[in-house]
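Engineer: Handing over final-v8.cif, mmCIF, C-alpha atoms, pLDDT in the B column; chains and numbers go by the auth columns.
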```cif
data_target
#
loop_
_atom_site.group_PDB
_atom_site.id
_atom_site.type_symbol
_atom_site.label_atom_id
_atom_site.label_comp_id
_atom_site.label_asym_id
_atom_site.label_seq_id
_atom_site.Cartn_x
_atom_site.Cartn_y
_atom_site.Cartn_z
_atom_site.B_iso_or_equiv
_atom_site.auth_seq_id
_atom_site.auth_asym_id
ATOM 1 C CA MET A 1 0.000 0.000 0.000 48.00 1 A
ATOM 2 C CA THR A 2 1.580 3.282 -1.036 61.00 2 A
ATOM 3 C CA LYS A 3 1.078 6.643 0.567 66.00 3 A
ATOM 4 C CA ASP A 4 -0.275 7.898 -2.784 89.00 4 A
ATOM 5 C CA ARG A 5 -2.954 5.199 -2.899 92.00 5 A
ATOM 6 C CA THR A 6 -3.957 5.927 0.712 96.00 6 A
ATOM 7 C CA SER A 7 -4.184 9.606 -0.209 96.00 7 A
ATOM 8 C CA GLU A 8 -6.315 8.755 -3.282 97.00 8 A
ATOM 9 C CA LEU A 9 -8.731 6.674 -1.222 97.00 9 A
ATOM 10 C CA VAL A 10 -9.133 9.355 1.453 98.00 10 A
ATOM 11 C CA ARG A 11 -9.648 12.040 -1.175 97.00 11 A
ATOM 12 C CA ALA A 12 -12.206 9.866 -2.985 97.00 12 A
ATOM 13 C CA TYR A 13 -13.996 9.297 0.343 98.00 13 A
ATOM 14 C CA TYR A 14 -14.445 13.030 0.908 98.00 14 A
ATOM 15 C CA ASP A 15 -15.223 13.704 -2.754 97.00 15 A
ATOM 16 C CA SER A 16 -18.104 11.242 -2.370 97.00 16 A
ATOM 17 C CA TRP A 17 -19.960 13.495 0.067 97.00 17 A
ATOM 18 C CA LYS A 18 -18.196 16.777 0.836 97.00 18 A
ATOM 19 C CA ASN A 19 -20.451 18.858 -1.402 95.00 19 A
ATOM 20 C CA GLY A 20 -23.593 17.711 0.392 95.00 20 A
ATOM 21 C CA MET A 21 -26.299 15.375 -0.884 94.00 21 A
ATOM 22 C CA ALA A 22 -25.738 16.568 -4.471 90.00 22 A
ATOM 23 C CA SER A 23 -22.352 14.826 -4.310 90.00 23 A
ATOM 24 C CA TYR A 24 -23.324 11.861 -2.106 96.00 24 A
ATOM 25 C CA ASP A 25 -22.390 8.751 -4.078 94.00 25 A
ATOM 26 C CA GLU A 26 -23.207 5.546 -2.234 96.00 26 A
ATOM 27 C CA ALA A 27 -21.910 3.243 -4.994 97.00 27 A
ATOM 28 C CA ARG A 28 -18.570 5.046 -4.983 97.00 28 A
ATOM 29 C CA LEU A 29 -18.441 4.906 -1.184 98.00 29 A
ATOM 30 C CA ARG A 30 -19.065 1.162 -1.260 98.00 30 A
ATOM 31 C CA ALA A 31 -16.149 0.784 -3.679 97.00 31 A
ATOM 32 C CA ILE A 32 -13.870 2.763 -1.309 98.00 32 A
ATOM 33 C CA LEU A 33 -14.938 1.311 2.052 98.00 33 A
ATOM 34 C CA ALA A 34 -14.349 -2.285 3.163 98.00 34 A
ATOM 35 C CA ALA A 35 -17.620 -4.190 3.603 98.00 35 A
ATOM 36 C CA ASP A 36 -16.445 -4.947 7.167 98.00 36 A
ATOM 37 C CA LEU A 37 -15.447 -1.335 7.878 98.00 37 A
ATOM 38 C CA LYS A 38 -14.653 -0.712 11.524 98.00 38 A
ATOM 39 C CA PHE A 39 -16.037 2.687 12.489 98.00 39 A
ATOM 40 C CA GLU A 40 -15.980 4.439 15.833 98.00 40 A
ATOM 41 C CA GLY A 41 -17.445 7.850 16.628 98.00 41 A
ATOM 42 C CA PRO A 42 -18.762 9.909 19.575 97.00 42 A
ATOM 43 C CA LEU A 43 -22.455 9.443 18.748 96.00 43 A
ATOM 44 C CA ALA A 44 -22.578 6.220 16.717 95.00 44 A
ATOM 45 C CA GLY A 45 -20.249 4.248 18.981 97.00 45 A
ATOM 46 C CA LYS A 46 -18.649 1.229 17.331 98.00 46 A
ATOM 47 C CA LEU A 47 -19.929 -0.067 13.997 98.00 47 A
ATOM 48 C CA THR A 48 -18.534 -3.029 12.093 98.00 48 A
ATOM 49 C CA SER A 49 -19.784 -2.738 8.519 98.00 49 A
ATOM 50 C CA ALA A 50 -20.212 -0.268 5.682 98.00 50 A
ATOM 51 C CA ASP A 51 -23.917 -1.150 5.767 98.00 51 A
ATOM 52 C CA ALA A 52 -24.131 0.104 9.348 98.00 52 A
ATOM 53 C CA PHE A 53 -22.015 3.181 8.649 98.00 53 A
ATOM 54 C CA LEU A 54 -23.529 4.605 5.460 98.00 54 A
ATOM 55 C CA PRO A 55 -27.017 5.583 6.727 97.00 55 A
ATOM 56 C CA GLY A 56 -25.459 7.766 9.450 96.00 56 A
ATOM 57 C CA LEU A 57 -23.089 9.352 6.947 97.00 57 A
ATOM 58 C CA ALA A 58 -26.027 10.106 4.608 97.00 58 A
ATOM 59 C CA ARG A 59 -27.957 11.774 7.467 96.00 59 A
ATOM 60 C CA PHE A 60 -24.921 13.894 8.311 96.00 60 A
ATOM 61 C CA VAL A 61 -24.321 14.855 4.680 97.00 61 A
ATOM 62 C CA GLN A 62 -27.879 16.226 4.405 97.00 62 A
ATOM 63 C CA SER A 63 -26.748 18.931 6.821 96.00 63 A
ATOM 64 C CA VAL A 64 -23.447 19.812 5.069 97.00 64 A
ATOM 65 C CA LYS A 65 -23.445 23.258 3.442 97.00 65 A
ATOM 66 C CA ALA A 66 -19.660 23.573 3.032 97.00 66 A
ATOM 67 C CA PHE A 67 -16.548 21.511 3.692 97.00 67 A
ATOM 68 C CA HIS A 68 -13.099 22.947 4.452 98.00 68 A
ATOM 69 C CA MET A 69 -10.105 20.609 4.693 98.00 69 A
ATOM 70 C CA ARG A 70 -7.623 22.065 7.216 98.00 70 A
ATOM 71 C CA GLN A 71 -4.908 19.409 7.516 98.00 71 A
ATOM 72 C CA GLU A 72 -4.383 16.039 5.825 97.00 72 A
ATOM 73 C CA ILE A 73 -1.624 13.604 6.703 97.00 73 A
ATOM 74 C CA HIS A 74 -0.867 10.339 4.916 95.00 74 A
ATOM 75 C CA ALA A 75 1.805 7.803 5.805 95.00 75 A
ATOM 76 C CA GLY A 76 1.877 4.250 4.490 94.00 76 A
ATOM 77 C CA HIS A 77 -1.528 2.661 4.993 96.00 77 A
ATOM 78 C CA GLU A 78 -2.688 5.269 7.522 97.00 78 A
ATOM 79 C CA ALA A 79 -4.081 8.762 7.203 98.00 79 A
ATOM 80 C CA ALA A 80 -5.643 11.512 9.291 98.00 80 A
ATOM 81 C CA ALA A 81 -7.787 14.478 8.278 98.00 81 A
ATOM 82 C CA LEU A 82 -8.842 17.614 10.155 98.00 82 A
ATOM 83 C CA TYR A 83 -11.709 19.541 8.564 98.00 83 A
ATOM 84 C CA ASP A 84 -14.444 22.039 9.297 98.00 84 A
ATOM 85 C CA CYS A 85 -18.021 21.746 8.040 98.00 85 A
ATOM 86 C CA ASP A 86 -20.668 24.441 7.842 98.00 86 A
ATOM 87 C CA LEU A 87 -23.856 22.648 8.866 97.00 87 A
ATOM 88 C CA THR A 88 -27.555 23.406 8.970 97.00 88 A
ATOM 89 C CA LYS A 89 -28.343 21.071 11.946 93.00 89 A
ATOM 90 C CA PRO A 90 -26.881 22.055 14.313 96.00 90 A
ATOM 91 C CA ALA A 91 -26.370 25.401 12.578 97.00 91 A
ATOM 92 C CA GLY A 92 -22.797 26.597 12.546 97.00 92 A
ATOM 93 C CA THR A 93 -19.273 25.541 11.743 98.00 93 A
ATOM 94 C CA PHE A 94 -17.969 22.406 13.432 98.00 94 A
ATOM 95 C CA ARG A 95 -14.558 20.739 13.439 98.00 95 A
ATOM 96 C CA PHE A 96 -14.022 17.038 12.794 98.00 96 A
ATOM 97 C CA THR A 97 -11.064 14.684 12.690 98.00 97 A
ATOM 98 C CA GLU A 98 -10.940 11.256 11.106 98.00 98 A
ATOM 99 C CA PHE A 99 -8.186 8.664 11.358 98.00 99 A
ATOM 100 C CA PHE A 100 -8.035 6.015 8.623 98.00 100 A
ATOM 101 C CA ARG A 101 -6.498 2.619 8.086 98.00 101 A
ATOM 102 C CA VAL A 102 -6.267 1.079 4.608 97.00 102 A
ATOM 103 C CA GLU A 103 -6.146 -2.655 3.903 97.00 103 A
ATOM 104 C CA ASN A 104 -6.582 -4.573 0.635 96.00 104 A
ATOM 105 C CA ASP A 105 -6.995 -1.344 -1.310 96.00 105 A
ATOM 106 C CA LYS A 106 -9.981 -0.182 0.746 98.00 106 A
ATOM 107 C CA ILE A 107 -10.517 1.970 3.822 98.00 107 A
ATOM 108 C CA SER A 108 -10.827 -0.638 6.582 98.00 108 A
ATOM 109 C CA ALA A 109 -11.158 1.583 9.661 98.00 109 A
ATOM 110 C CA ILE A 110 -12.332 5.128 10.418 98.00 110 A
ATOM 111 C CA THR A 111 -12.184 6.736 13.855 98.00 111 A
ATOM 112 C CA LEU A 112 -14.141 9.989 13.997 98.00 112 A
ATOM 113 C CA VAL A 113 -13.655 12.562 16.760 98.00 113 A
ATOM 114 C CA PHE A 114 -15.519 15.842 17.198 98.00 114 A
ATOM 115 C CA ASP A 115 -17.062 17.965 19.906 98.00 115 A
ATOM 116 C CA ALA A 116 -20.585 16.511 20.001 97.00 116 A
ATOM 117 C CA THR A 117 -21.951 19.002 22.568 96.00 117 A
ATOM 118 C CA GLU A 118 -24.357 20.782 20.192 96.00 118 A
ATOM 119 C CA PHE A 119 -25.279 17.534 18.414 96.00 119 A
ATOM 120 C CA ARG A 120 -26.325 15.940 21.717 95.00 120 A
ATOM 121 C CA LYS A 121 -28.474 18.979 22.561 93.00 121 A
ATOM 122 C CA LEU A 122 -30.235 18.621 19.213 92.00 122 A
ATOM 123 C CA MET A 123 -30.807 14.896 19.769 87.00 123 A
ATOM 124 C CA ALA A 124 -32.119 15.548 23.284 87.00 124 A
ATOM 125 C CA GLY A 125 -34.817 17.654 21.924 76.00 125 A
ATOM 126 C CA MET B 1 12.611 18.531 8.648 48.00 126 B
ATOM 127 C CA THR B 2 12.568 14.768 8.559 61.00 127 B
ATOM 128 C CA LYS B 3 9.684 12.539 9.462 65.00 128 B
ATOM 129 C CA ASP B 4 11.884 10.998 12.168 89.00 129 B
ATOM 130 C CA ARG B 5 12.507 14.368 13.809 92.00 130 B
ATOM 131 C CA THR B 6 8.790 15.209 13.715 96.00 131 B
ATOM 132 C CA SER B 7 8.104 11.843 15.303 96.00 132 B
ATOM 133 C CA GLU B 8 10.741 12.512 17.989 97.00 133 B
ATOM 134 C CA LEU B 9 9.238 15.889 18.854 97.00 134 B
ATOM 135 C CA VAL B 10 5.705 14.511 19.112 98.00 135 B
ATOM 136 C CA ARG B 11 6.871 11.604 21.243 97.00 136 B
ATOM 137 C CA ALA B 12 8.839 13.986 23.493 97.00 137 B
ATOM 138 C CA TYR B 13 5.727 16.165 23.821 98.00 138 B
ATOM 139 C CA TYR B 14 3.641 13.260 25.139 98.00 139 B
ATOM 140 C CA ASP B 15 6.496 11.899 27.255 97.00 140 B
ATOM 141 C CA SER B 16 6.536 15.301 28.983 97.00 141 B
ATOM 142 C CA TRP B 17 3.079 14.817 30.487 97.00 142 B
ATOM 143 C CA LYS B 18 1.462 11.477 29.622 97.00 143 B
ATOM 144 C CA ASN B 19 2.169 9.899 32.998 95.00 144 B
ATOM 145 C CA GLY B 20 0.389 12.676 34.869 95.00 145 B
ATOM 146 C CA MET B 21 1.900 15.391 37.034 94.00 146 B
ATOM 147 C CA ALA B 22 4.753 13.061 38.072 90.00 147 B
ATOM 148 C CA SER B 23 5.988 13.285 34.478 90.00 148 B
ATOM 149 C CA TYR B 24 5.008 16.913 33.751 96.00 149 B
ATOM 150 C CA ASP B 25 8.200 18.660 32.655 94.00 150 B
ATOM 151 C CA GLU B 26 7.652 22.312 31.825 96.00 151 B
ATOM 152 C CA ALA B 27 11.300 22.977 30.913 97.00 152 B
ATOM 153 C CA ARG B 28 11.253 20.091 28.444 97.00 153 B
ATOM 154 C CA LEU B 29 7.929 21.286 27.012 98.00 154 B
ATOM 155 C CA ARG B 30 9.351 24.765 26.496 98.00 155 B
ATOM 156 C CA ALA B 31 12.266 23.211 24.580 97.00 156 B
ATOM 157 C CA ILE B 32 9.826 21.300 22.326 98.00 157 B
ATOM 158 C CA LEU B 33 7.169 23.990 21.726 98.00 158 B
ATOM 159 C CA ALA B 34 7.727 27.206 19.775 98.00 159 B
ATOM 160 C CA ALA B 35 7.414 30.290 21.993 98.00 160 B
ATOM 161 C CA ASP B 36 4.775 31.540 19.530 98.00 161 B
ATOM 162 C CA LEU B 37 2.910 28.200 19.449 98.00 162 B
ATOM 163 C CA LYS B 38 -0.442 28.422 17.699 98.00 163 B
ATOM 164 C CA PHE B 39 -2.932 26.298 19.613 98.00 164 B
ATOM 165 C CA GLU B 40 -6.610 25.755 18.967 98.00 165 B
ATOM 166 C CA GLY B 41 -8.973 23.604 21.019 98.00 166 B
ATOM 167 C CA PRO B 42 -12.696 23.219 21.807 97.00 167 B
ATOM 168 C CA LEU B 43 -12.526 24.842 25.253 96.00 168 B
ATOM 169 C CA ALA B 44 -9.445 27.089 25.110 95.00 169 B
ATOM 170 C CA GLY B 45 -10.210 28.547 21.668 97.00 170 B
ATOM 171 C CA LYS B 46 -7.202 30.058 19.902 98.00 171 B
ATOM 172 C CA LEU B 47 -3.969 30.694 21.781 98.00 172 B
ATOM 173 C CA THR B 48 -0.813 32.156 20.306 98.00 173 B
ATOM 174 C CA SER B 49 2.020 31.337 22.706 98.00 174 B
ATOM 175 C CA ALA B 50 3.490 28.513 24.764 98.00 175 B
ATOM 176 C CA ASP B 51 3.006 30.790 27.806 98.00 176 B
ATOM 177 C CA ALA B 52 -0.745 30.843 27.162 98.00 177 B
ATOM 178 C CA PHE B 53 -0.913 27.110 26.407 98.00 178 B
ATOM 179 C CA LEU B 54 1.068 25.537 29.257 98.00 179 B
ATOM 180 C CA PRO B 55 -1.169 26.455 32.236 97.00 180 B
ATOM 181 C CA GLY B 56 -4.155 24.742 30.577 96.00 181 B
ATOM 182 C CA LEU B 57 -2.057 21.679 29.766 97.00 182 B
ATOM 183 C CA ALA B 58 -0.870 21.496 33.391 97.00 183 B
ATOM 184 C CA ARG B 59 -4.474 21.671 34.663 96.00 184 B
ATOM 185 C CA PHE B 60 -5.450 18.872 32.278 96.00 185 B
ATOM 186 C CA VAL B 61 -2.469 16.721 33.257 97.00 186 B
ATOM 187 C CA GLN B 62 -3.497 16.851 36.925 97.00 187 B
ATOM 188 C CA SER B 63 -6.496 14.770 35.910 96.00 188 B
ATOM 189 C CA VAL B 64 -4.610 12.172 33.808 97.00 189 B
ATOM 190 C CA LYS B 65 -4.515 8.699 35.353 97.00 190 B
ATOM 191 C CA ALA B 66 -3.513 6.795 32.215 97.00 191 B
ATOM 192 C CA PHE B 67 -2.638 7.555 28.592 97.00 192 B
ATOM 193 C CA HIS B 68 -3.191 5.167 25.676 98.00 193 B
ATOM 194 C CA MET B 69 -1.874 6.068 22.224 98.00 194 B
ATOM 195 C CA ARG B 70 -4.194 4.562 19.579 98.00 195 B
ATOM 196 C CA GLN B 71 -2.844 5.893 16.271 98.00 196 B
ATOM 197 C CA GLU B 72 0.097 8.108 15.385 97.00 197 B
ATOM 198 C CA ILE B 73 0.840 9.379 11.890 97.00 198 B
ATOM 199 C CA HIS B 74 3.880 11.400 10.848 95.00 199 B
ATOM 200 C CA ALA B 75 4.649 12.800 7.407 95.00 200 B
ATOM 201 C CA GLY B 76 7.248 15.476 6.722 94.00 201 B
ATOM 202 C CA HIS B 77 6.746 18.352 9.147 96.00 202 B
ATOM 203 C CA GLU B 78 3.213 17.291 10.109 98.00 203 B
ATOM 204 C CA ALA B 79 1.811 14.718 12.493 98.00 204 B
ATOM 205 C CA ALA B 80 -1.465 13.567 14.005 98.00 205 B
ATOM 206 C CA ALA B 81 -2.173 11.547 17.134 98.00 206 B
ATOM 207 C CA LEU B 82 -5.311 9.799 18.380 98.00 207 B
ATOM 208 C CA TYR B 83 -5.242 8.788 22.039 98.00 208 B
ATOM 209 C CA ASP B 84 -7.442 7.916 24.989 98.00 209 B
ATOM 210 C CA CYS B 85 -6.926 9.220 28.521 98.00 210 B
ATOM 211 C CA ASP B 86 -8.357 7.867 31.750 98.00 211 B
ATOM 212 C CA LEU B 87 -9.214 10.998 33.722 97.00 212 B
ATOM 213 C CA THR B 88 -10.350 11.839 37.238 97.00 213 B
ATOM 214 C CA LYS B 89 -12.262 15.053 36.261 93.00 214 B
ATOM 215 C CA PRO B 90 -14.466 14.314 34.437 96.00 215 B
ATOM 216 C CA ALA B 91 -14.150 10.710 35.553 97.00 216 B
ATOM 217 C CA GLY B 92 -13.872 8.234 32.718 97.00 217 B
ATOM 218 C CA THR B 93 -12.010 7.504 29.519 98.00 218 B
ATOM 219 C CA PHE B 94 -12.015 10.216 26.864 98.00 219 B
ATOM 220 C CA ARG B 95 -10.673 10.309 23.321 98.00 220 B
ATOM 221 C CA PHE B 96 -8.498 13.114 21.964 98.00 221 B
ATOM 222 C CA THR B 97 -6.874 13.967 18.648 98.00 222 B
ATOM 223 C CA GLU B 98 -4.068 16.424 18.055 98.00 223 B
ATOM 224 C CA PHE B 99 -2.699 17.662 14.739 98.00 224 B
ATOM 225 C CA PHE B 100 0.826 19.099 14.739 98.00 225 B
ATOM 226 C CA ARG B 101 2.982 21.277 12.537 98.00 226 B
ATOM 227 C CA VAL B 102 6.745 21.488 13.041 98.00 227 B
ATOM 228 C CA GLU B 103 8.890 24.474 12.066 97.00 228 B
ATOM 229 C CA ASN B 104 12.485 25.356 12.984 96.00 229 B
ATOM 230 C CA ASP B 105 12.856 22.143 14.966 96.00 230 B
ATOM 231 C CA LYS B 106 9.931 22.929 17.292 98.00 231 B
ATOM 232 C CA ILE B 107 6.229 22.181 17.383 98.00 232 B
ATOM 233 C CA SER B 108 4.724 25.389 15.961 98.00 233 B
ATOM 234 C CA ALA B 109 1.031 24.492 15.872 98.00 234 B
ATOM 235 C CA ILE B 110 -1.298 22.105 17.716 98.00 235 B
ATOM 236 C CA THR B 111 -4.981 21.667 16.913 98.00 236 B
ATOM 237 C CA LEU B 112 -6.798 19.652 19.576 98.00 237 B
ATOM 238 C CA VAL B 113 -10.195 18.040 18.971 98.00 238 B
ATOM 239 C CA PHE B 114 -12.257 16.063 21.458 98.00 239 B
ATOM 240 C CA ASP B 115 -15.851 15.645 22.567 98.00 240 B
ATOM 241 C CA ALA B 116 -16.078 18.321 25.253 97.00 241 B
ATOM 242 C CA THR B 117 -19.633 17.455 26.348 96.00 242 B
ATOM 243 C CA GLU B 118 -18.713 16.167 29.827 96.00 243 B
ATOM 244 C CA PHE B 119 -16.021 18.830 30.294 96.00 244 B
ATOM 245 C CA ARG B 120 -18.544 21.609 29.655 95.00 245 B
ATOM 246 C CA LYS B 121 -20.950 20.069 32.193 93.00 246 B
ATOM 247 C CA LEU B 122 -18.169 20.086 34.785 92.00 247 B
ATOM 248 C CA MET B 123 -17.300 23.711 34.003 87.00 248 B
ATOM 249 C CA ALA B 124 -20.978 24.684 34.231 87.00 249 B
ATOM 250 C CA GLY B 125 -20.921 23.299 37.742 76.00 250 B
#
```
Kindly return the structure encoded in the file as structure tokens.
Structural biologist:
Amino acid sequence: MTKDRTSELVRAYYDSWKNGMASYDEARLRAILAADLKFEGPLAGKLTSADAFLPGLARFVQSVKAFHMRQEIHAGHEAAALYDCDLTKPAGTFRFTEFFRVENDKISAITLVFDATEFRKLMAG
Amino acid sequence: MTKDRTSELVRAYYDSWKNGMASYDEARLRAILAADLKFEGPLAGKLTSADAFLPGLARFVQSVKAFHMRQEIHAGHEAAALYDCDLTKPAGTFRFTEFFRVENDKISAITLVFDATEFRKLMAG
């Protein structure tokens, strides 16, 4: 696995949704993500398949008005991205980080970290 | 700036506090961090010096019972780290990510991201 291929996969991942639902491309995402994707995030907890992950991503993407990549790091079969999104729900700009692992030419693991304070308030009511 | 040197600086940064106040080494931290460090985090906001950053780090470190590095990525003069800390206040295990930039053989920028929900509750009293 080369750094360039890891970079390509991570870029393709964001290209598949970063412009909101107009860009959301589930078929492309399924080609990029391992079927047994391991995902972990503050609200979703631990998920163990692309099938479990994609509905939550689609819900999030419905809220994305703009995407701003701030820092991207790739090394071997690992990568990390720091980005800001302008969202409608909750309204405002929020910062996210994702850490990736790549195996067998697909993204095999994503760990998402963000400050979920406002998201929890919205969910609570 | 080599990847190895970036890796050394990031490791030295965590070694300077990851074992709690017993390991907290302000002189070593000042040798690792640029005096005009640019820091950004969910609670502290934007800071522009090591002087402004270190008191908050020291307060955090007082709460650190255990530190678990989960994923570290270094490339050129940039790095990212994903780690979990067992804390006393708030009590529990919390996940953090930090993105680094290195310039002139020092860490020049740190962007910290974590879910501050429980930390805000504690601050609110």
Engineer: Give the answer as one residue: which of A:Ala50, A:Ser23, A:Lys121, A:Leu37 has the shortest atom-to-atom distance to Phe100 in chain A, using all atoms listed in the file?
Structural biologist: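 The shortest atom-to-atom distance to Phe100 in chain A comes from A:Leu37.
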Engineer: Specify as a VMD selection string each residue included when the PyMOL selection byres ((chain A) within 8 of (chain B)) is applied to this file.
Structural biologist: chain A and resid 42 71 73 to 75 78 to 80 82 95 to 97 99 113 to 117
Engineer: Can you turn the PyMOL selection byres ((chain B and resi 191) around 7) into a concrete residue list for this file, as an MDAnalysis selection string?
Structural biologist: chainID B and resid 144 189:190 192:193 210:211
Engineer: May I have the selected residues written with C-alpha atoms, as a compact mmCIF listing (two decimals), in the coordinates of the input?
Structural biologist:
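Wrote it out as out_24.txt, contents follow:
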```
# COMPACT_ATOMS: atom_id res chain seq x y z
CA ASN B 144 2.17 9.90 33.00
CA VAL B 189 -4.61 12.17 33.81
CA LYS B 190 -4.51 8.70 35.35
CA PHE B 192 -2.64 7.56 28.59
CA HIS B 193 -3.19 5.17 25.68
CA CYS B 210 -6.93 9.22 28.52
CA ASP B 211 -8.36 7.87 31.75
```
Engineer: One decimal, Å: what's the distance from CA of Leu29 in chain A over to CA of Arg70 in chain A, could you say?
Structural biologist: 22.0 Å
Engineer: Quick check, in Å to one decimal: how far apart do CA of Ala44 in chain A and CA of Tyr13 in chain A lie?
Structural biologist: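 Computing the Euclidean distance for CA of Ala44 in chain A and CA of Tyr13 in chain A yields 18.7 Å.
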Engineer: Counting only C-alpha atoms, figure out which residue out of B:Thr213, B:Tyr208, B:Ser174, B:Leu134 gets nearest to Ala156 in chain B.
Structural biologist: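 The answer is B:Leu134, which sits nearest to Ala156 in chain B.
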Engineer: Box in all listed atoms of range 84-89 of chain A, axis-aligned, with 3 Å more on each side; write out centre and edge lengths in Å to one decimal as AutoDock Vina command-line options.
Structural biologist:
```
--center_x -21.4 --center_y 22.8 --center_z 9.9 --size_x 19.9 --size_y 9.4 --size_z 10.1
```
Engineer: CA of Asp51 in chain A and CA of Arg28 in chain A, how far apart in Å?
Structural biologist: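 Separation of CA of Arg28 in chain A and CA of Asp51 in chain A: 13.5 Å.
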Engineer: Will you give me range 103-116 of chain A, written with N, CA and C atoms and laid out as a PDB file, in the first residue's frame?
Structural biologist:
```pdb
ATOM      1  N   GLU A 103      -6.561  -1.260   4.098  1.00  0.00           N
ATOM      2  CA  GLU A 103      -6.146  -2.655   3.903  1.00  0.00           C
ATOM      3  C   GLU A 103      -6.770  -3.167   2.627  1.00  0.00           C
ATOM      4  N   ASN A 104      -6.048  -3.960   1.862  1.00  0.00           N
ATOM      5  CA  ASN A 104      -6.582  -4.573   0.635  1.00  0.00           C
ATOM      6  C   ASN A 104      -7.236  -3.538  -0.274  1.00  0.00           C
ATOM      7  N   ASP A 105      -6.567  -2.393  -0.386  1.00  0.00           N
ATOM      8  CA  ASP A 105      -6.995  -1.344  -1.310  1.00  0.00           C
ATOM      9  C   ASP A 105      -8.355  -0.723  -0.960  1.00  0.00           C
ATOM     10  N   LYS A 106      -8.758  -0.851   0.294  1.00  0.00           N
ATOM     11  CA  LYS A 106      -9.981  -0.182   0.746  1.00  0.00           C
ATOM     12  C   LYS A 106      -9.745   0.448   2.125  1.00  0.00           C
ATOM     13  N   ILE A 107     -10.559   1.412   2.473  1.00  0.00           N
ATOM     14  CA  ILE A 107     -10.517   1.970   3.822  1.00  0.00           C
ATOM     15  C   ILE A 107     -11.156   0.945   4.756  1.00  0.00           C
ATOM     16  N   SER A 108     -10.365   0.457   5.714  1.00  0.00           N
ATOM     17  CA  SER A 108     -10.827  -0.638   6.582  1.00  0.00           C
ATOM     18  C   SER A 108     -11.252  -0.142   7.960  1.00  0.00           C
ATOM     19  N   ALA A 109     -10.787   1.050   8.345  1.00  0.00           N
ATOM     20  CA  ALA A 109     -11.158   1.583   9.661  1.00  0.00           C
ATOM     21  C   ALA A 109     -11.190   3.099   9.619  1.00  0.00           C
ATOM     22  N   ILE A 110     -12.216   3.674  10.259  1.00  0.00           N
ATOM     23  CA  ILE A 110     -12.332   5.128  10.418  1.00  0.00           C
ATOM     24  C   ILE A 110     -12.661   5.400  11.880  1.00  0.00           C
ATOM     25  N   THR A 111     -11.851   6.249  12.514  1.00  0.00           N
ATOM     26  CA  THR A 111     -12.184   6.736  13.855  1.00  0.00           C
ATOM     27  C   THR A 111     -12.465   8.227  13.743  1.00  0.00           C
ATOM     28  N   LEU A 112     -13.670   8.602  14.099  1.00  0.00           N
ATOM     29  CA  LEU A 112     -14.141   9.989  13.997  1.00  0.00           C
ATOM     30  C   LEU A 112     -14.139  10.607  15.385  1.00  0.00           C
ATOM     31  N   VAL A 113     -13.614  11.833  15.487  1.00  0.00           N
ATOM     32  CA  VAL A 113     -13.655  12.562  16.760  1.00  0.00           C
ATOM     33  C   VAL A 113     -14.128  13.981  16.483  1.00  0.00           C
ATOM     34  N   PHE A 114     -15.089  14.444  17.272  1.00  0.00           N
ATOM     35  CA  PHE A 114     -15.519  15.842  17.198  1.00  0.00           C
ATOM     36  C   PHE A 114     -16.204  16.203  18.502  1.00  0.00           C
ATOM     37  N   ASP A 115     -16.381  17.496  18.709  1.00  0.00           N
ATOM     38  CA  ASP A 115     -17.062  17.965  19.906  1.00  0.00           C
ATOM     39  C   ASP A 115     -18.559  17.843  19.668  1.00  0.00           C
ATOM     40  N   ALA A 116     -19.181  16.842  20.287  1.00  0.00           N
ATOM     41  CA  ALA A 116     -20.585  16.511  20.001  1.00  0.00           C
ATOM     42  C   ALA A 116     -21.565  17.289  20.867  1.00  0.00           C
TER      43      ALA A 116
END
```
